[in-house]
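Colleague: So here's target_25.tsv (TSV, C-alpha atoms).
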```
chain	number	residue	atom	x	y	z
A	1	MET	CA	-7.25	-20.30	-45.60
A	2	ARG	CA	-7.66	-16.71	-44.54
A	3	LYS	CA	-10.47	-17.82	-42.22
A	4	ILE	CA	-8.19	-20.45	-40.67
A	5	ALA	CA	-5.50	-17.86	-40.10
A	6	LEU	CA	-7.96	-15.50	-38.46
A	7	LEU	CA	-9.24	-18.35	-36.26
A	8	ALA	CA	-5.69	-19.17	-35.19
A	9	ALA	CA	-4.97	-15.56	-34.35
A	10	ALA	CA	-8.16	-15.34	-32.32
A	11	VAL	CA	-7.30	-18.49	-30.39
A	12	LEU	CA	-3.82	-17.25	-29.58
A	13	ALA	CA	-5.07	-13.81	-28.62
A	14	GLY	CA	-7.60	-15.41	-26.32
A	15	VAL	CA	-4.84	-17.40	-24.68
A	16	VAL	CA	-2.72	-14.27	-24.19
A	17	PHE	CA	-5.53	-12.36	-22.50
A	18	SER	CA	-6.97	-15.23	-20.49
A	19	SER	CA	-3.90	-17.17	-19.43
A	20	ALA	CA	-2.56	-14.49	-17.10
A	21	SER	CA	-4.63	-12.20	-14.89
A	22	THR	CA	-3.77	-9.92	-12.00
A	23	GLN	CA	-5.82	-9.74	-8.84
A	24	ALA	CA	-5.29	-8.31	-5.37
A	25	THR	CA	-5.03	-10.79	-2.53
A	26	VAL	CA	-5.70	-9.56	0.99
A	27	MET	CA	-2.79	-10.59	3.23
A	28	PHE	CA	-3.86	-8.82	6.42
A	29	PHE	CA	-6.91	-6.99	7.75
A	30	ASP	CA	-7.79	-5.48	11.12
A	31	ASP	CA	-10.90	-3.49	12.02
A	32	PHE	CA	-9.81	-3.21	15.68
A	33	ASN	CA	-13.29	-4.16	16.89
A	34	SER	CA	-11.86	-6.88	19.12
A	35	GLY	CA	-8.69	-5.09	20.11
A	36	ALA	CA	-5.58	-5.08	17.95
A	37	SER	CA	-4.36	-8.16	16.11
A	38	ALA	CA	-1.43	-9.92	17.73
A	39	ALA	CA	0.45	-9.30	14.48
A	40	TRP	CA	0.97	-5.63	15.39
A	41	GLY	CA	4.44	-5.07	16.80
A	42	ASN	CA	3.71	-1.99	18.95
A	43	GLU	CA	7.43	-1.27	18.72
A	44	ARG	CA	7.21	2.31	20.02
A	45	GLY	CA	4.41	4.57	21.22
A	46	ASN	CA	2.31	2.31	23.47
A	47	TRP	CA	-0.35	1.70	20.82
A	48	ARG	CA	-3.88	0.70	21.75
A	49	ALA	CA	-7.09	-0.44	20.10
A	50	ASP	CA	-10.21	0.87	21.80
A	51	GLY	CA	-13.66	1.71	20.51
A	52	GLY	CA	-12.88	0.10	17.17
A	53	VAL	CA	-9.94	2.38	16.30
A	54	TYR	CA	-6.16	2.31	16.78
A	55	ASP	CA	-3.64	4.95	17.86
A	56	ALA	CA	-0.61	5.61	20.04
A	57	THR	CA	-1.20	6.63	23.65
A	58	ASN	CA	2.23	8.30	23.54
A	59	PRO	CA	2.26	10.01	20.11
A	60	ASN	CA	5.71	11.39	19.56
A	61	ASN	CA	8.35	12.27	17.04
A	62	THR	CA	11.37	12.19	19.36
A	63	PRO	CA	11.60	9.22	19.31
A	64	THR	CA	9.28	8.43	16.42
A	65	THR	CA	6.28	6.18	17.02
A	66	TYR	CA	6.10	2.95	15.08
A	67	THR	CA	3.93	-0.17	14.96
A	68	SER	CA	4.22	-2.69	12.14
A	69	VAL	CA	2.57	-5.84	10.83
A	70	THR	CA	5.30	-8.19	12.03
A	71	THR	CA	4.03	-11.27	10.18
A	72	LEU	CA	4.87	-9.74	6.77
A	73	PRO	CA	8.50	-8.58	7.04
A	74	SER	CA	9.64	-8.55	3.40
A	75	LEU	CA	6.93	-6.86	1.36
A	76	THR	CA	7.92	-5.50	-2.05
A	77	ASP	CA	4.89	-4.45	-4.12
A	78	PHE	CA	1.64	-4.02	-2.21
A	79	VAL	CA	-1.41	-1.86	-1.49
A	80	VAL	CA	-2.38	-0.34	1.87
A	81	ASP	CA	-5.96	0.71	2.56
A	82	VAL	CA	-6.80	2.42	5.84
A	83	ASP	CA	-9.42	4.81	7.20
A	84	VAL	CA	-7.82	7.82	8.90
A	85	ASN	CA	-10.07	9.60	11.40
A	86	GLY	CA	-9.50	13.17	12.54
A	87	VAL	CA	-6.47	13.78	10.33
A	88	ASP	CA	-3.87	15.73	12.30
A	89	ASP	CA	-0.35	14.30	12.22
A	90	GLY	CA	0.36	10.66	11.58
A	91	GLY	CA	1.02	8.37	8.68
A	92	VAL	CA	2.06	5.05	7.20
A	93	TRP	CA	5.47	3.37	7.18
A	94	LEU	CA	6.38	1.60	3.92
A	95	ARG	CA	9.15	-0.91	3.21
A	96	SER	CA	10.38	-0.12	6.69
A	97	SER	CA	12.34	-1.77	9.47
A	98	PHE	CA	12.73	-1.24	13.21
A	99	SER	CA	15.82	-2.69	14.89
A	100	SER	CA	17.13	-1.75	18.34
A	101	GLY	CA	15.28	1.56	18.11
A	102	THR	CA	16.58	2.40	14.64
A	103	ILE	CA	14.04	2.99	11.86
A	104	ASN	CA	14.60	2.80	8.11
A	105	GLY	CA	12.01	3.16	5.35
A	106	VAL	CA	9.60	5.50	3.60
A	107	LEU	CA	7.10	7.48	5.67
A	108	LEU	CA	3.93	8.97	4.21
A	109	VAL	CA	2.71	11.75	6.52
A	110	THR	CA	-0.98	12.60	6.80
A	111	GLY	CA	-1.49	16.13	8.14
A	112	GLY	CA	1.66	17.42	9.80
A	113	PHE	CA	3.46	20.04	7.70
A	114	SER	CA	4.86	22.03	10.63
A	115	GLY	CA	1.55	22.39	12.42
A	116	VAL	CA	-0.52	23.29	9.35
A	117	ASN	CA	-1.92	19.74	9.41
A	118	ASN	CA	-3.12	19.86	5.80
A	119	GLY	CA	-0.16	18.11	4.20
A	120	LEU	CA	0.24	14.79	2.46
A	121	TYR	CA	3.91	14.16	1.85
A	122	TRP	CA	6.86	11.80	2.19
A	123	HIS	CA	10.07	11.34	4.11
A	124	THR	CA	12.81	8.82	3.47
A	125	VAL	CA	14.32	7.70	6.76
A	126	VAL	CA	17.81	6.20	7.00
A	127	ASN	CA	19.10	5.15	10.43
A	128	ASN	CA	16.59	7.48	12.13
A	129	GLY	CA	17.67	10.37	9.90
A	130	PHE	CA	14.73	12.08	8.18
A	131	SER	CA	14.93	13.64	4.76
A	132	GLY	CA	13.23	16.96	4.19
A	133	ILE	CA	9.59	17.10	3.09
A	134	LEU	CA	9.25	15.37	-0.29
A	135	ASN	CA	6.49	16.01	-2.85
A	136	ASN	CA	4.04	17.75	-0.57
A	137	GLY	CA	0.42	17.54	-1.68
A	138	LEU	CA	-1.15	20.29	0.40
A	139	VAL	CA	-4.85	19.50	0.90
A	140	PRO	CA	-6.88	22.45	2.27
A	141	GLY	CA	-9.42	21.24	4.81
A	142	LEU	CA	-7.68	17.92	5.42
A	143	GLN	CA	-7.10	18.58	9.12
A	144	GLY	CA	-9.74	16.99	11.31
A	145	SER	CA	-11.46	15.18	8.43
A	146	ASN	CA	-12.13	11.46	8.11
A	147	VAL	CA	-10.66	10.04	4.90
A	148	HIS	CA	-9.90	6.78	3.18
A	149	LEU	CA	-6.21	6.51	2.40
A	150	ARG	CA	-4.79	4.14	-0.21
A	151	VAL	CA	-1.07	3.73	-0.83
A	152	VAL	CA	0.16	1.74	-3.83
A	153	VAL	CA	3.80	0.64	-3.84
A	154	SER	CA	5.09	-0.71	-7.14
A	155	GLY	CA	8.77	-0.88	-8.03
A	156	ASP	CA	10.36	2.43	-7.08
A	157	THR	CA	7.04	4.33	-7.15
A	158	TYR	CA	4.89	5.14	-4.12
A	159	SER	CA	1.44	6.61	-4.86
A	160	ALA	CA	-0.97	8.07	-2.28
A	161	TYR	CA	-4.72	8.40	-2.86
A	162	VAL	CA	-7.21	10.19	-0.61
A	163	ASN	CA	-10.82	9.18	-1.21
A	164	ASP	CA	-9.71	7.61	-4.52
A	165	ALA	CA	-7.98	10.78	-5.78
A	166	LEU	CA	-4.25	10.53	-6.52
A	167	LEU	CA	-2.62	13.41	-4.62
A	168	THR	CA	1.10	12.71	-4.41
A	169	THR	CA	3.75	10.25	-5.59
A	170	LEU	CA	7.34	9.51	-4.64
A	171	THR	CA	10.06	7.75	-6.61
A	172	THR	CA	12.99	6.30	-4.69
A	173	SER	CA	15.17	3.20	-4.95
A	174	LEU	CA	16.41	3.41	-1.36
A	175	PHE	CA	14.35	0.48	-0.07
A	176	SER	CA	13.45	-2.70	-1.93
A	177	SER	CA	11.33	-4.42	0.72
A	178	GLY	CA	10.27	-4.27	4.35
A	179	HIS	CA	7.38	-3.93	6.77
A	180	VAL	CA	4.26	-1.81	6.61
A	181	GLY	CA	3.36	0.10	9.77
A	182	LEU	CA	1.68	3.14	11.27
A	183	TYR	CA	3.00	6.43	12.67
A	184	ASP	CA	1.31	8.80	15.15
A	185	PHE	CA	2.37	12.29	16.23
A	186	SER	CA	-1.11	13.59	16.87
A	187	PRO	CA	-1.79	15.43	20.14
A	188	ILE	CA	-4.54	14.11	22.38
A	189	THR	CA	-5.57	17.49	23.80
A	190	LYS	CA	-8.03	18.83	21.21
A	191	SER	CA	-11.65	18.71	22.35
A	192	SER	CA	-12.82	17.94	18.80
A	193	THR	CA	-10.46	14.95	18.55
A	194	PRO	CA	-9.79	13.86	22.12
A	195	ARG	CA	-7.67	10.96	20.90
A	196	GLY	CA	-6.02	12.82	18.06
A	197	GLN	CA	-5.71	11.04	14.73
A	198	THR	CA	-6.82	7.40	14.77
A	199	PHE	CA	-6.80	4.51	12.29
A	200	ASP	CA	-9.45	1.96	11.32
A	201	ASN	CA	-10.08	-0.82	8.79
A	202	PHE	CA	-6.43	-1.42	7.98
A	203	GLN	CA	-5.94	-3.71	4.97
A	204	LEU	CA	-2.77	-4.92	3.32
A	205	SER	CA	-2.97	-6.53	-0.13
A	206	VAL	CA	-0.53	-7.81	-2.72
A	207	ALA	CA	-0.99	-8.33	-6.44
A	208	GLN	CA	-0.79	-11.87	-7.74
A	209	VAL	CA	-0.59	-12.97	-11.37
A	210	SER	CA	-2.31	-16.24	-12.22
A	211	VAL	CA	-0.62	-18.29	-14.94
A	212	ALA	CA	-2.11	-20.44	-17.67
A	213	GLU	CA	-3.82	-23.64	-16.60
A	214	PRO	CA	-2.88	-26.93	-18.35
A	215	GLY	CA	-5.98	-26.73	-20.55
A	216	VAL	CA	-4.77	-23.43	-21.96
A	217	LEU	CA	-1.68	-25.15	-23.35
A	218	GLY	CA	-3.98	-27.21	-25.55
A	219	LEU	CA	-5.43	-24.00	-26.98
A	220	VAL	CA	-1.91	-22.81	-27.74
A	221	ALA	CA	-1.17	-26.00	-29.63
A	222	LEU	CA	-4.45	-25.70	-31.53
A	223	GLY	CA	-3.65	-22.13	-32.52
A	224	LEU	CA	-0.15	-23.01	-33.71
A	225	ALA	CA	-1.46	-25.95	-35.73
A	226	ALA	CA	-4.02	-23.71	-37.41
A	227	LEU	CA	-1.34	-21.20	-38.32
A	228	ARG	CA	0.84	-23.93	-39.87
A	229	LEU	CA	-2.13	-25.18	-41.89
A	230	ALA	CA	-2.86	-21.67	-43.13
A	231	ARG	CA	0.75	-21.18	-44.22
A	232	ARG	CA	0.79	-24.48	-46.15
A	233	GLY	CA	-2.41	-23.54	-47.94
A	234	SER	CA	-0.99	-20.21	-49.05
A	235	ALA	CA	2.37	-21.66	-50.24
```
So that I can check it, write out the structure of this file as structure tokens.
Modeller:
Amino acid sequence: MRKIALLAAAVLAGVVFSSASTQATVMFFDDFNSGASAAWGNERGNWRADGGVYDATNPNNTPTTYTSVTTLPSLTDFVVDVDVNGVDDGGVWLRSSFSSGTINGVLLVTGGFSGVNNGLYWHTVVNNGFSGILNNGLVPGLQGSNVHLRVVVSGDTYSAYVNDALLTTLTTSLFSSGHVGLYDFSPITKSSTPRGQTFDNFQLSVAQVSVAEPGVLGLVALGLAALRLARRGSA
């Protein structure tokens, strides 16, 4: 009977680990090789796609530049992957909104940091009002480099990775959902980066959990039956 009990436990354990799995599903991707997707809102900054990259022709912070993926307005938990070229001063909007010129949301800044351009940090923005610098992850040598940026948003936690290394996190409950977008305050006057900071290979993914298929329910029943049989034999 001990063997039956062990078999039942194995069956049930197999169901637990196989009946639900998490995988990332790509919801949006743009490599800007054929211009910018029509999904981009280009709300402020006169954004352009040229030469396979994307940036604002009028990078500014007063008022703040903003372009969002308009087709996905109520994102909660998600992952952003984007290549940032010539890091200088720009970033990614998270759980954000833009209405009649008013922005709300979380902003991850790449570069910036009062002209030092080696920062990786956060702002919360409420009705166009910026918080101070939050959780700065100063990265020497970041300015002017080409990096892969990944931002993971899960619950109240925002995590930023540069070239797969976790560099800074933010915890805030201010915003539960919203758009994802891009920010640009990078000057276009430097000879080394004539267009300032640009973006490429933008990908937006969400995590999905697959549930048990009907056939798995049969395994559950088999496991429960085996457990009942084992208990009777030991009574």
Colleague: Please provide as an mmCIF file with C-alpha atoms, keeping the file's coordinate frame all residues within 9 Å of segment 26-40 of chain A, with the sequence filter that same-chain residues fewer than 6 positions apart are discarded (counting all atoms listed in the file).
Modeller:
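Below you can see result_35.cif, which holds the result:
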```
data_model
loop_
_atom_site.group_PDB
_atom_site.id
_atom_site.type_symbol
_atom_site.label_atom_id
_atom_site.label_comp_id
_atom_site.auth_asym_id
_atom_site.auth_seq_id
_atom_site.Cartn_x
_atom_site.Cartn_y
_atom_site.Cartn_z
ATOM 1 C CA ARG A 48 -3.880 0.700 21.750
ATOM 2 C CA ALA A 49 -7.090 -0.440 20.100
ATOM 3 C CA ASP A 50 -10.210 0.870 21.800
ATOM 4 C CA GLY A 51 -13.660 1.710 20.510
ATOM 5 C CA GLY A 52 -12.880 0.100 17.170
ATOM 6 C CA VAL A 53 -9.940 2.380 16.300
ATOM 7 C CA TYR A 54 -6.160 2.310 16.780
ATOM 8 C CA THR A 67 3.930 -0.170 14.960
ATOM 9 C CA SER A 68 4.220 -2.690 12.140
ATOM 10 C CA VAL A 69 2.570 -5.840 10.830
ATOM 11 C CA THR A 70 5.300 -8.190 12.030
ATOM 12 C CA THR A 71 4.030 -11.270 10.180
ATOM 13 C CA LEU A 72 4.870 -9.740 6.770
ATOM 14 C CA GLY A 181 3.360 0.100 9.770
ATOM 15 C CA PHE A 199 -6.800 4.510 12.290
ATOM 16 C CA ASP A 200 -9.450 1.960 11.320
ATOM 17 C CA ASN A 201 -10.080 -0.820 8.790
ATOM 18 C CA PHE A 202 -6.430 -1.420 7.980
ATOM 19 C CA GLN A 203 -5.940 -3.710 4.970
ATOM 20 C CA LEU A 204 -2.770 -4.920 3.320
ATOM 21 C CA SER A 205 -2.970 -6.530 -0.130
ATOM 22 C CA VAL A 206 -0.530 -7.810 -2.720
ATOM 23 C CA ALA A 207 -0.990 -8.330 -6.440
#
```
Colleague: Which residue gives the smallest distance to Trp93 of chain A among A:Asp184, A:Asp156, A:Asp164, A:Asp77, with only C-alpha atoms counted?
Modeller: A:Asp184
Colleague: Write out, as a Markdown table, each residue of segment 77-120 of chain A that has an atom at most 9 Å from segment 174-177 of chain A, together with the closest pair of atoms and their distance in Å to one decimal, counting all atoms listed in the file, rows going by chain and rising number.
Modeller:
```
| residue | atom | partner | partner_atom | distance |
| --- | --- | --- | --- | --- |
| A:Asp77 | CA | A:Ser177 | CA | 8.1 |
| A:Leu94 | CA | A:Ser177 | CA | 8.4 |
| A:Arg95 | CA | A:Ser177 | CA | 4.8 |
| A:Ser96 | CA | A:Ser177 | CA | 7.4 |
| A:Asn104 | CA | A:Phe175 | CA | 8.5 |
| A:Gly105 | CA | A:Phe175 | CA | 6.5 |
| A:Val106 | CA | A:Phe175 | CA | 7.8 |
```
Colleague: As a PDB file with C-alpha atoms, in the coordinates of the input, please: the residues near Thr157 of chain A (cut-off 9 Å, all atoms listed in the file, same-chain neighbours under 5 positions excluded).
Modeller:
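Result written to part_6.pdb:
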```pdb
ATOM      1  CA  VAL A 152       0.160   1.740  -3.830  1.00  0.00           C
ATOM      2  CA  THR A 169       3.750  10.250  -5.590  1.00  0.00           C
ATOM      3  CA  LEU A 170       7.340   9.510  -4.640  1.00  0.00           C
ATOM      4  CA  THR A 171      10.060   7.750  -6.610  1.00  0.00           C
ATOM      5  CA  THR A 172      12.990   6.300  -4.690  1.00  0.00           C
ATOM      6  CA  SER A 173      15.170   3.200  -4.950  1.00  0.00           C
TER       7      SER A 173
END
```
Colleague: Report the distance between atom CA of Thr198 of chain A and atom CA of Gln23 of chain A in Å, rounded to one decimal place.
Modeller: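 These two atoms are separated by 29.2 Å.
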Colleague: Rounded to one decimal, what separation in Å do you get between atom CA of Tyr121 of chain A and atom CA of Leu167 of chain A?
Modeller: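 According to the coordinates, atom CA of Tyr121 of chain A and atom CA of Leu167 of chain A are separated by 9.2 Å.
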Colleague: For His179 of chain A, which of A:Leu75, A:Arg44, A:Asn117, A:Asp55 is the closest residue, counting all atoms listed in the file?
Modeller: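 Result for the nearest residue to His179 of chain A: A:Leu75.
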Colleague: Please complete segment 110-124 of chain A with N, CA and C atoms and give it back as a PDB file, in the coordinates of the input.
Modeller:
```pdb
ATOM      1  N   THR A 110       0.360  12.056   6.993  1.00  0.00           N
ATOM      2  CA  THR A 110      -0.980  12.600   6.800  1.00  0.00           C
ATOM      3  C   THR A 110      -1.165  13.746   7.800  1.00  0.00           C
ATOM      4  N   GLY A 111      -1.396  14.954   7.277  1.00  0.00           N
ATOM      5  CA  GLY A 111      -1.490  16.130   8.140  1.00  0.00           C
ATOM      6  C   GLY A 111      -0.126  16.774   8.287  1.00  0.00           C
ATOM      7  N   GLY A 112       0.314  16.925   9.539  1.00  0.00           N
ATOM      8  CA  GLY A 112       1.660  17.420   9.800  1.00  0.00           C
ATOM      9  C   GLY A 112       1.937  18.772   9.161  1.00  0.00           C
ATOM     10  N   PHE A 113       3.036  18.843   8.425  1.00  0.00           N
ATOM     11  CA  PHE A 113       3.460  20.040   7.700  1.00  0.00           C
ATOM     12  C   PHE A 113       3.652  21.221   8.659  1.00  0.00           C
ATOM     13  N   SER A 114       4.476  20.987   9.681  1.00  0.00           N
ATOM     14  CA  SER A 114       4.860  22.030  10.630  1.00  0.00           C
ATOM     15  C   SER A 114       3.665  22.691  11.303  1.00  0.00           C
ATOM     16  N   GLY A 115       2.694  21.869  11.688  1.00  0.00           N
ATOM     17  CA  GLY A 115       1.550  22.390  12.420  1.00  0.00           C
ATOM     18  C   GLY A 115       0.403  22.856  11.567  1.00  0.00           C
ATOM     19  N   VAL A 116       0.578  22.916  10.242  1.00  0.00           N
ATOM     20  CA  VAL A 116      -0.520  23.290   9.350  1.00  0.00           C
ATOM     21  C   VAL A 116      -1.550  22.178   9.282  1.00  0.00           C
ATOM     22  N   ASN A 117      -1.075  20.945   9.338  1.00  0.00           N
ATOM     23  CA  ASN A 117      -1.920  19.740   9.410  1.00  0.00           C
ATOM     24  C   ASN A 117      -2.775  19.502   8.177  1.00  0.00           C
ATOM     25  N   ASN A 118      -2.399  20.088   7.062  1.00  0.00           N
ATOM     26  CA  ASN A 118      -3.120  19.860   5.800  1.00  0.00           C
ATOM     27  C   ASN A 118      -2.220  19.246   4.737  1.00  0.00           C
ATOM     28  N   GLY A 119      -1.115  18.662   5.155  1.00  0.00           N
ATOM     29  CA  GLY A 119      -0.160  18.110   4.200  1.00  0.00           C
ATOM     30  C   GLY A 119      -0.382  16.634   3.930  1.00  0.00           C
ATOM     31  N   LEU A 120       0.136  16.206   2.794  1.00  0.00           N
ATOM     32  CA  LEU A 120       0.240  14.790   2.460  1.00  0.00           C
ATOM     33  C   LEU A 120       1.556  14.649   1.722  1.00  0.00           C
ATOM     34  N   TYR A 121       2.568  14.110   2.403  1.00  0.00           N
ATOM     35  CA  TYR A 121       3.910  14.160   1.850  1.00  0.00           C
ATOM     36  C   TYR A 121       4.743  13.000   2.379  1.00  0.00           C
ATOM     37  N   TRP A 122       5.994  12.947   1.930  1.00  0.00           N
ATOM     38  CA  TRP A 122       6.860  11.800   2.190  1.00  0.00           C
ATOM     39  C   TRP A 122       8.149  12.216   2.892  1.00  0.00           C
ATOM     40  N   HIS A 123       8.694  11.274   3.645  1.00  0.00           N
ATOM     41  CA  HIS A 123      10.070  11.340   4.110  1.00  0.00           C
ATOM     42  C   HIS A 123      10.736  10.003   3.768  1.00  0.00           C
ATOM     43  N   THR A 124      12.007  10.028   3.429  1.00  0.00           N
ATOM     44  CA  THR A 124      12.810   8.820   3.470  1.00  0.00           C
ATOM     45  C   THR A 124      13.607   8.878   4.766  1.00  0.00           C
TER      46      THR A 124
END
```
